[in-house]
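Coordinates from run-v1.txt are shown below (compact mmCIF, C-alpha atoms).
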# COMPACT_ATOMS: atom_id res chain seq x y z
CA MET A 1 54.46 46.12 104.01
CA SER A 2 51.34 45.48 106.09
CA GLU A 3 50.25 42.26 104.35
CA GLU A 4 53.78 40.89 104.58
CA LEU A 5 53.89 41.92 108.25
CA ARG A 6 50.47 40.34 108.90
CA GLN A 7 51.71 37.03 107.53
CA ALA A 8 54.95 37.21 109.53
CA ILE A 9 53.03 37.90 112.75
CA SER A 10 50.57 35.12 112.02
CA ALA A 11 53.41 32.66 111.39
CA THR A 12 55.12 33.68 114.65
CA GLN A 13 51.89 33.28 116.61
CA GLU A 14 51.39 29.82 115.12
CA LYS A 15 54.98 28.84 116.02
CA PHE A 16 54.51 29.99 119.64
CA ARG A 17 51.18 28.15 119.88
CA LEU A 18 52.79 24.91 118.74
CA THR A 19 56.08 25.40 120.63
CA PRO A 20 55.52 27.69 123.63
CA GLU A 21 59.14 27.34 124.81
CA ALA A 22 60.29 28.99 121.56
CA ALA A 23 58.73 32.20 122.92
CA ASN A 24 61.21 32.43 125.81
CA ALA A 25 63.78 35.12 125.14
CA SER A 26 66.19 37.19 127.15
CA PHE A 27 67.62 40.65 126.58
CA HIS A 28 70.71 42.21 128.12
CA SER A 29 72.44 45.48 128.88
CA ALA A 30 75.87 46.31 130.30
CA SER A 31 76.71 49.79 131.51
CA LYS A 32 79.43 51.61 133.41
CA LEU A 33 79.62 55.03 135.01
CA THR A 34 82.51 56.71 133.23
CA GLN A 35 82.63 60.13 134.89
CA GLY A 36 80.30 62.05 137.18
CA PHE A 37 76.79 60.89 136.27
CA ARG A 38 77.65 59.78 132.74
CA SER A 39 77.00 56.12 131.95
CA ASP A 40 78.11 54.34 128.79
CA VAL A 41 75.72 51.54 127.89
CA ALA A 42 76.22 48.59 125.54
CA ILE A 43 73.24 46.64 124.16
CA ARG A 44 74.49 44.01 121.72
CA GLN A 45 76.35 46.06 119.06
CA HIS A 46 74.55 49.28 120.03
CA GLN A 47 76.12 52.01 122.18
CA LEU A 48 74.22 54.59 124.19
CA VAL A 49 75.29 57.49 126.38
CA VAL A 50 73.15 58.36 129.40
CA ASP A 51 73.83 61.42 131.56
CA GLU A 52 72.08 64.00 133.69
CA PRO A 53 71.43 67.57 132.53
CA ALA A 54 73.60 70.29 134.12
CA GLN A 55 70.92 71.35 136.62
CA LEU A 56 70.96 67.80 138.02
CA GLY A 57 74.76 67.70 138.25
CA GLY A 58 75.65 66.04 134.93
CA THR A 59 77.35 67.06 131.71
CA ASP A 60 74.24 66.42 129.56
CA ALA A 61 76.06 64.06 127.19
CA GLY A 62 72.80 62.13 126.64
CA PRO A 63 69.24 61.73 127.89
CA ASN A 64 68.84 60.79 131.56
CA PRO A 65 67.42 57.42 132.69
CA ILE A 66 63.85 58.62 133.21
CA GLU A 67 63.82 60.32 129.80
CA LEU A 68 64.98 56.96 128.43
CA MET A 69 61.93 55.34 130.05
CA LEU A 70 59.70 57.79 128.14
CA ALA A 71 61.58 56.99 124.92
CA ALA A 72 61.07 53.27 125.57
CA LEU A 73 57.34 53.74 126.16
CA GLY A 74 56.84 55.94 123.09
CA ALA A 75 58.70 53.60 120.73
CA CYS A 76 57.02 50.54 122.25
CA GLN A 77 53.57 52.02 121.70
CA GLU A 78 54.45 52.83 118.07
CA ILE A 79 55.84 49.37 117.33
CA THR A 80 52.82 47.75 118.97
CA TYR A 81 50.44 49.96 116.92
CA GLN A 82 52.27 48.95 113.75
CA ALA A 83 52.15 45.24 114.62
CA TYR A 84 48.50 45.12 115.74
CA ALA A 85 47.26 47.33 112.89
CA ALA A 86 48.81 44.82 110.50
CA ALA A 87 47.51 41.81 112.45
CA LEU A 88 43.96 43.22 112.56
CA GLY A 89 44.02 44.55 108.98
CA ILE A 90 43.49 48.13 110.14
CA PRO A 91 45.06 50.77 107.86
CA LEU A 92 47.84 52.85 109.45
CA ARG A 93 49.91 55.42 107.55
CA SER A 94 51.91 56.76 110.47
CA VAL A 95 52.09 56.81 114.25
CA SER A 96 53.92 59.20 116.55
CA VAL A 97 53.91 59.69 120.31
CA LYS A 98 54.56 62.65 122.61
CA LEU A 99 55.00 61.94 126.30
CA GLU A 100 55.41 63.92 129.49
CA GLY A 101 56.47 62.48 132.83
CA GLN A 102 55.97 64.43 136.03
CA ILE A 103 58.30 63.94 138.96
CA ASP A 104 58.72 65.35 142.43
CA LEU A 105 62.49 65.36 142.94
CA ARG A 106 62.12 65.26 146.73
CA GLY A 107 61.69 61.50 146.25
CA PHE A 108 65.04 60.88 144.55
CA PHE A 109 66.86 63.30 146.87
CA GLY A 110 65.46 61.59 149.98
CA VAL A 111 63.92 64.80 151.31
CA ASP A 112 60.50 63.24 151.91
CA ASP A 113 60.19 59.45 151.97
CA SER A 114 56.44 59.66 151.34
CA VAL A 115 57.25 60.95 147.82
CA ARG A 116 58.01 58.23 145.28
CA PRO A 117 61.35 58.56 143.42
CA GLY A 118 59.87 57.82 139.98
CA PHE A 119 57.32 59.59 137.81
CA GLN A 120 54.09 60.40 139.63
CA GLN A 121 52.30 60.17 136.33
CA ILE A 122 52.92 59.95 132.60
CA THR A 123 50.58 61.62 130.12
CA GLY A 124 50.79 61.62 126.37
CA GLN A 125 49.29 61.81 122.93
CA VAL A 126 49.42 59.05 120.35
CA HIS A 127 48.88 60.58 116.93
CA ILE A 128 47.73 58.30 114.15
CA ASP A 129 47.25 58.96 110.46
CA SER A 130 44.73 56.42 109.23
CA ASP A 131 41.55 55.95 107.21
CA ALA A 132 40.20 53.53 109.82
CA SER A 133 36.83 54.16 111.48
CA PRO A 134 36.68 55.45 115.06
CA ALA A 135 35.46 52.01 116.15
CA GLN A 136 38.44 50.31 114.49
CA LEU A 137 40.85 52.76 116.13
CA GLU A 138 39.25 52.22 119.52
CA LYS A 139 39.67 48.48 119.09
CA LEU A 140 43.26 48.97 117.95
CA LYS A 141 44.09 51.15 120.99
CA ALA A 142 42.63 48.55 123.35
CA MET A 143 44.69 45.76 121.74
CA VAL A 144 47.87 47.87 121.81
CA ASP A 145 47.48 48.92 125.43
CA ALA A 146 46.83 45.29 126.44
CA HIS A 147 49.98 44.02 124.66
CA CYS A 148 52.57 46.84 124.84
CA PRO A 149 55.49 45.42 126.87
CA VAL A 150 56.74 48.74 128.29
CA LEU A 151 53.24 49.91 129.26
CA ASP A 152 52.77 46.54 130.99
CA MET A 153 55.98 47.03 132.99
CA LEU A 154 54.82 50.49 134.13
CA SER A 155 51.38 49.13 135.03
CA ALA A 156 52.27 46.00 137.01
CA PRO A 157 55.35 45.31 139.16
CA VAL A 158 58.30 43.50 137.57
CA PRO A 159 60.35 41.34 139.98
CA VAL A 160 63.88 42.78 140.00
CA ASN A 161 66.78 41.00 141.71
CA LEU A 162 70.08 42.86 141.85
CA ASN A 163 73.19 41.43 143.48
CA LEU A 164 75.93 43.72 144.70
CA THR A 165 79.49 42.43 144.15
CA MET B 1 84.53 65.09 142.91
CA SER B 2 82.72 63.42 145.81
CA GLU B 3 83.06 66.28 148.35
CA GLU B 4 81.88 68.77 145.73
CA LEU B 5 79.02 66.43 144.86
CA ARG B 6 78.14 65.92 148.53
CA GLN B 7 77.82 69.69 148.98
CA ALA B 8 75.74 70.07 145.80
CA ILE B 9 73.35 67.32 146.91
CA SER B 10 73.08 68.79 150.39
CA ALA B 11 72.30 72.24 148.95
CA THR B 12 69.63 70.76 146.67
CA GLN B 13 68.04 68.85 149.56
CA GLU B 14 67.96 72.04 151.64
CA LYS B 15 66.35 73.96 148.75
CA PHE B 16 63.64 71.30 148.32
CA ARG B 17 63.00 71.23 152.10
CA LEU B 18 62.45 74.99 152.14
CA THR B 19 60.63 75.21 148.79
CA PRO B 20 58.95 71.85 148.00
CA GLU B 21 57.36 73.20 144.80
CA ALA B 22 60.87 73.75 143.38
CA ALA B 23 61.17 69.94 143.26
CA ASN B 24 58.40 69.57 140.67
CA ALA B 25 59.88 68.81 137.26
CA SER B 26 58.70 67.33 134.00
CA PHE B 27 60.53 65.43 131.29
CA HIS B 28 59.48 64.84 127.68
CA SER B 29 60.00 62.66 124.65
CA ALA B 30 58.71 62.84 121.09
CA SER B 31 59.02 59.91 118.72
CA LYS B 32 57.81 58.81 115.32
CA LEU B 33 57.78 55.48 113.53
CA THR B 34 59.80 56.12 110.38
CA GLN B 35 59.74 52.73 108.66
CA GLY B 36 58.76 49.24 109.71
CA PHE B 37 59.45 49.05 113.45
CA ARG B 38 62.07 51.82 113.48
CA SER B 39 61.29 54.79 115.71
CA ASP B 40 63.25 58.04 115.78
CA VAL B 41 63.12 59.64 119.21
CA ALA B 42 63.93 63.22 120.25
CA ILE B 43 64.64 64.09 123.89
CA ARG B 44 65.58 67.75 124.13
CA GLN B 45 68.65 68.05 121.85
CA HIS B 46 69.35 64.31 121.98
CA GLN B 47 68.39 61.88 119.21
CA LEU B 48 67.90 58.15 119.59
CA VAL B 49 67.05 55.35 117.19
CA VAL B 50 64.93 52.46 118.46
CA ASP B 51 64.24 49.39 116.33
CA GLU B 52 63.61 45.68 116.60
CA PRO B 53 66.22 43.05 115.74
CA ALA B 54 65.74 41.13 112.49
CA GLN B 55 64.23 38.07 114.20
CA LEU B 56 61.45 40.32 115.55
CA GLY B 57 60.79 41.92 112.17
CA GLY B 58 62.98 45.05 112.40
CA THR B 59 66.12 46.35 110.74
CA ASP B 60 68.12 46.45 114.01
CA ALA B 61 69.04 50.12 113.61
CA GLY B 62 69.07 50.50 117.41
CA PRO B 63 68.15 48.78 120.67
CA ASN B 64 64.52 47.78 121.08
CA PRO B 65 62.21 49.36 123.69
CA ILE B 66 62.64 46.67 126.33
CA GLU B 67 66.42 46.77 125.95
CA LEU B 68 66.10 50.53 126.48
CA MET B 69 64.29 49.82 129.77
CA LEU B 70 67.27 47.73 130.89
CA ALA B 71 69.63 50.56 129.87
CA ALA B 72 67.52 53.03 131.86
CA LEU B 73 67.58 50.79 134.95
CA GLY B 74 71.33 50.15 134.75
CA ALA B 75 72.26 53.82 134.31
CA CYS B 76 69.76 54.90 136.98
CA GLN B 77 71.27 52.48 139.50
CA GLU B 78 74.78 53.76 138.71
CA ILE B 79 73.82 57.43 139.04
CA THR B 80 71.98 56.72 142.28
CA TYR B 81 75.01 54.83 143.66
CA GLN B 82 77.24 57.77 142.75
CA ALA B 83 74.90 60.31 144.37
CA TYR B 84 74.23 58.36 147.59
CA ALA B 85 77.86 57.28 148.03
CA ALA B 86 78.78 60.99 147.94
CA ALA B 87 75.90 61.99 150.21
CA LEU B 88 76.77 59.31 152.79
CA GLY B 89 80.55 59.81 152.53
CA ILE B 90 81.08 56.23 151.34
CA PRO B 91 84.09 55.78 149.02
CA LEU B 92 83.25 54.62 145.48
CA ARG B 93 85.81 54.27 142.71
CA SER B 94 83.54 52.82 140.05
CA VAL B 95 80.16 51.22 139.49
CA SER B 96 78.91 49.11 136.61
CA VAL B 97 75.74 47.11 136.04
CA LYS B 98 74.87 44.04 133.98
CA LEU B 99 71.20 43.21 133.51
CA GLU B 100 69.13 40.44 131.99
CA GLY B 101 65.41 40.62 131.34
CA GLN B 102 63.43 37.47 130.64
CA ILE B 103 60.34 37.61 128.49
CA ASP B 104 57.78 35.15 127.17
CA LEU B 105 56.92 36.56 123.73
CA ARG B 106 53.52 34.84 123.74
CA GLY B 107 52.40 37.86 125.78
CA PHE B 108 53.31 40.50 123.19
CA PHE B 109 52.04 38.36 120.31
CA GLY B 110 48.67 37.80 121.99
CA VAL B 111 49.02 34.01 121.86
CA ASP B 112 48.18 33.55 125.55
CA ASP B 113 46.54 36.40 127.46
CA SER B 114 47.60 34.90 130.80
CA VAL B 115 51.21 35.73 129.85
CA ARG B 116 52.26 39.32 130.59
CA PRO B 117 53.71 41.26 127.61
CA GLY B 118 56.64 42.70 129.60
CA PHE B 119 59.61 41.13 131.34
CA GLN B 120 58.68 38.35 133.72
CA GLN B 121 61.75 39.16 135.74
CA ILE B 122 64.92 41.21 135.64
CA THR B 123 68.11 39.94 137.25
CA GLY B 124 71.46 41.63 137.42
CA GLN B 125 74.80 42.32 139.02
CA VAL B 126 75.91 45.68 140.33
CA HIS B 127 79.70 45.70 140.50
CA ILE B 128 81.34 48.22 142.78
CA ASP B 129 85.01 49.06 143.27
CA SER B 130 85.29 50.55 146.76
CA ASP B 131 87.26 50.43 150.02
CA ALA B 132 84.04 50.66 152.02
CA SER B 133 83.16 48.01 154.61
CA PRO B 134 80.51 45.36 153.86
CA ALA B 135 78.19 47.13 156.32
CA GLN B 136 78.64 50.47 154.53
CA LEU B 137 77.96 48.84 151.16
CA GLU B 138 74.86 47.13 152.51
CA LYS B 139 73.59 50.49 153.77
CA LEU B 140 74.43 52.12 150.43
CA LYS B 141 72.55 49.43 148.46
CA ALA B 142 69.48 49.87 150.67
CA MET B 143 69.52 53.66 150.17
CA VAL B 144 70.01 53.30 146.41
CA ASP B 145 67.24 50.74 145.96
CA ALA B 146 64.87 52.93 147.99
CA HIS B 147 65.59 56.04 145.88
CA CYS B 148 66.36 54.83 142.33
CA PRO B 149 63.60 56.32 140.11
CA VAL B 150 63.61 53.61 137.43
CA LEU B 151 63.62 50.77 139.98
CA ASP B 152 60.68 52.51 141.68
CA MET B 153 58.73 52.63 138.39
CA LEU B 154 59.32 48.89 137.84
CA SER B 155 58.29 48.11 141.43
CA ALA B 156 55.08 50.14 141.78
CA PRO B 157 52.53 51.09 139.10
CA VAL B 158 52.87 54.47 137.39
CA PRO B 159 49.56 56.02 136.23
CA VAL B 160 49.78 56.36 132.43
CA ASN B 161 47.19 58.30 130.43
CA LEU B 162 47.48 58.15 126.65
CA ASN B 163 45.08 59.93 124.32
CA LEU B 164 44.65 58.76 120.76
CA THR B 165 44.22 61.53 118.17
Could you render the structure from this file as structure tokens?
Amino acid sequence: MSEELRQAISATQEKFRLTPEAANASFHSASKLTQGFRSDVAIRQHQLVVDEPAQLGGTDAGPNPIELMLAALGACQEITYQAYAAALGIPLRSVSVKLEGQIDLRGFFGVDDSVRPGFQQITGQVHIDSDASPAQLEKLKAMVDAHCPVLDMLSAPVPVNLNLT
Amino acid sequence: MSEELRQAISATQEKFRLTPEAANASFHSASKLTQGFRSDVAIRQHQLVVDEPAQLGGTDAGPNPIELMLAALGACQEITYQAYAAALGIPLRSVSVKLEGQIDLRGFFGVDDSVRPGFQQITGQVHIDSDASPAQLEKLKAMVDAHCPVLDMLSAPVPVNLNLT
């Protein structure tokens, strides 16, 4: 897998170097609140149910939006480890991620406007099974954290423009 | 629903005013790359499959991480509209959200380090069915955008600490 992946990544990089506009892509989601706090989301052919747990007023039919953010970060880290391990020729047998996000719900509930509505911090463990040296793994982690799209979006503001109709 | 919800929100706000430490909560995810770019995620009792589409080297068994970010933002906006419409006594029959995220893949692929790996911008439409006045809806949008946890995390950096083991 990893040699095949290394070649695929290398070919993609070469394509984007020669034709930068080929690297422009857009992704979409469409969702609708169906009852209470339950939202049914469509992403291409994929369906997802998002809801709040009972203690936050939902029916717990799925993870809530901030849990989904953790899922996005964990999977993004793993995919980026897989891609950069292959690109750098660093052995990687498996990668898994456990994350915890801490929130002060006074922010969302508007009880104290000095409290942010989102996570105050996210902490986690990335567990790797690999024969690589500590120096290789340190280099890999630095490359992953510099190129992980979800980590980037949590680290630097993303311009968001929402129109109400 | 909305009067019941208004009372529940009001009771929660009162509880957090009296006992701020009751507002501290934490959320978790655990994920593992199972093959290629496919990640299986567990959030409490909920399971989720994340993958990349074929053109990005995956098997498309689920949405990819940045699509999941859009899903999280859309559902979070909807839930926050539902909660604040109830809290403010503004009528709301339905709410749905369509989002588009634009990315330059040269960032993720490390082709140009001046290009960020995440979305360069997110644009979208929030569609509301309501008898409320334009002024009420403007007020509702301002309250939602100030208190939506996922929008907050895209607008201001979240400290993230990941340990590699």
Which residues are close to Thr80 in chain A, i.e. within 9 Å by all atoms listed in the file, leaving aside same-chain residues fewer than 2 positions away? Reply as a ChimeraX atom specification. /A:75-78,82-85,143-145,147-149 /B:37,108
Of the residues A:Leu105, A:Met69, A:Ala87, A:Leu18, which is the one nearest to Pro117 in chain A, using all atoms listed in the file? A:Leu105
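As for CA of Leu68 in chain B and CA of Val115 in chain A, they are spaced 25.3 Å apart.
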What is the CA of Asp113 in chain A-CA of Ser10 in chain B distance in Å, reported with one decimal?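 Distance between the two atoms: 16.0 Å.
Within the 8 Å cut-off around range 46-59 of chain A, using all atoms listed in the file and omitting residues fewer than 2 positions from it on the same chain, the listed residues are Gly36, Phe37, Arg38, Ser39, Asp40, Val41, Ala42, Ile43, Arg44, Ala61, Gly62, Pro63, Asn64 and Pro65 of chain A; Leu5, Ala8, Gly62, Pro63 and Ala75 of chain B.
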Keeping only C-alpha atoms, write the selected residues to a file as a compact mmCIF listing (two decimals), keeping the file's coordinate frame.
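In the end it all went to part.txt:
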# COMPACT_ATOMS: atom_id res chain seq x y z
CA GLY A 36 80.30 62.05 137.18
CA PHE A 37 76.79 60.89 136.27
CA ARG A 38 77.65 59.78 132.74
CA SER A 39 77.00 56.12 131.95
CA ASP A 40 78.11 54.34 128.79
CA VAL A 41 75.72 51.54 127.89
CA ALA A 42 76.22 48.59 125.54
CA ILE A 43 73.24 46.64 124.16
CA ARG A 44 74.49 44.01 121.72
CA ALA A 61 76.06 64.06 127.19
CA GLY A 62 72.80 62.13 126.64
CA PRO A 63 69.24 61.73 127.89
CA ASN A 64 68.84 60.79 131.56
CA PRO A 65 67.42 57.42 132.69
CA LEU B 5 79.02 66.43 144.86
CA ALA B 8 75.74 70.07 145.80
CA GLY B 62 69.07 50.50 117.41
CA PRO B 63 68.15 48.78 120.67
CA ALA B 75 72.26 53.82 134.31
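Compared by their closest atoms to chain A, and using all atoms listed in the file, the residues B:Ser130, B:Thr19, B:Thr123, B:Ser114 rank with B:Thr123 nearest.
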Which residue is closest to Gln125 in chain B? Choose from A:Gln7, A:Gln45, A:Asn161, A:Gln35 and count all atoms listed in the file.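 Of all the options, A:Asn161 lies closest to Gln125 in chain B.
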Centre and edges of the range 138-152 of chain A box, axis-aligned, 6 Å extra per side, as AutoDock Vina command-line options:
--center_x 48.0 --center_y 48.1 --center_z 124.5 --size_x 29.5 --size_y 20.2 --size_z 25.0
Of the candidates B:Thr12, B:Thr165, B:Ser155, B:Ser2, which shows the shortest atom-to-atom distance to Phe109 in chain A, using only C-alpha atoms? B:Thr12
Between CA of Gly101 in chain B and CA of Ile79 in chain A, what is the distance, to one decimal in Å? 19.1 Å
Measuring atom to atom with all atoms listed in the file, identify which of A:Leu92, A:Ile103, A:Leu140, A:Ile66 is nearest to Ala22 in chain B.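 Closest to Ala22 in chain B, using all atoms listed in the file: A:Ile103.
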Which one of A:Lys32, A:Lys15, A:Lys139, A:Arg116 sits closest to chain B if you count only C-alpha atoms?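 When distances to chain B are compared using only C-alpha atoms, the smallest one comes from A:Lys32.
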At a cut-off of 7 Å around the point (87.4, 54.0, 152.8) (file coordinates), what residues fall inside when counting all atoms listed in the file? I'd like the answer as a ChimeraX atom specification. /B:90-91,131-132
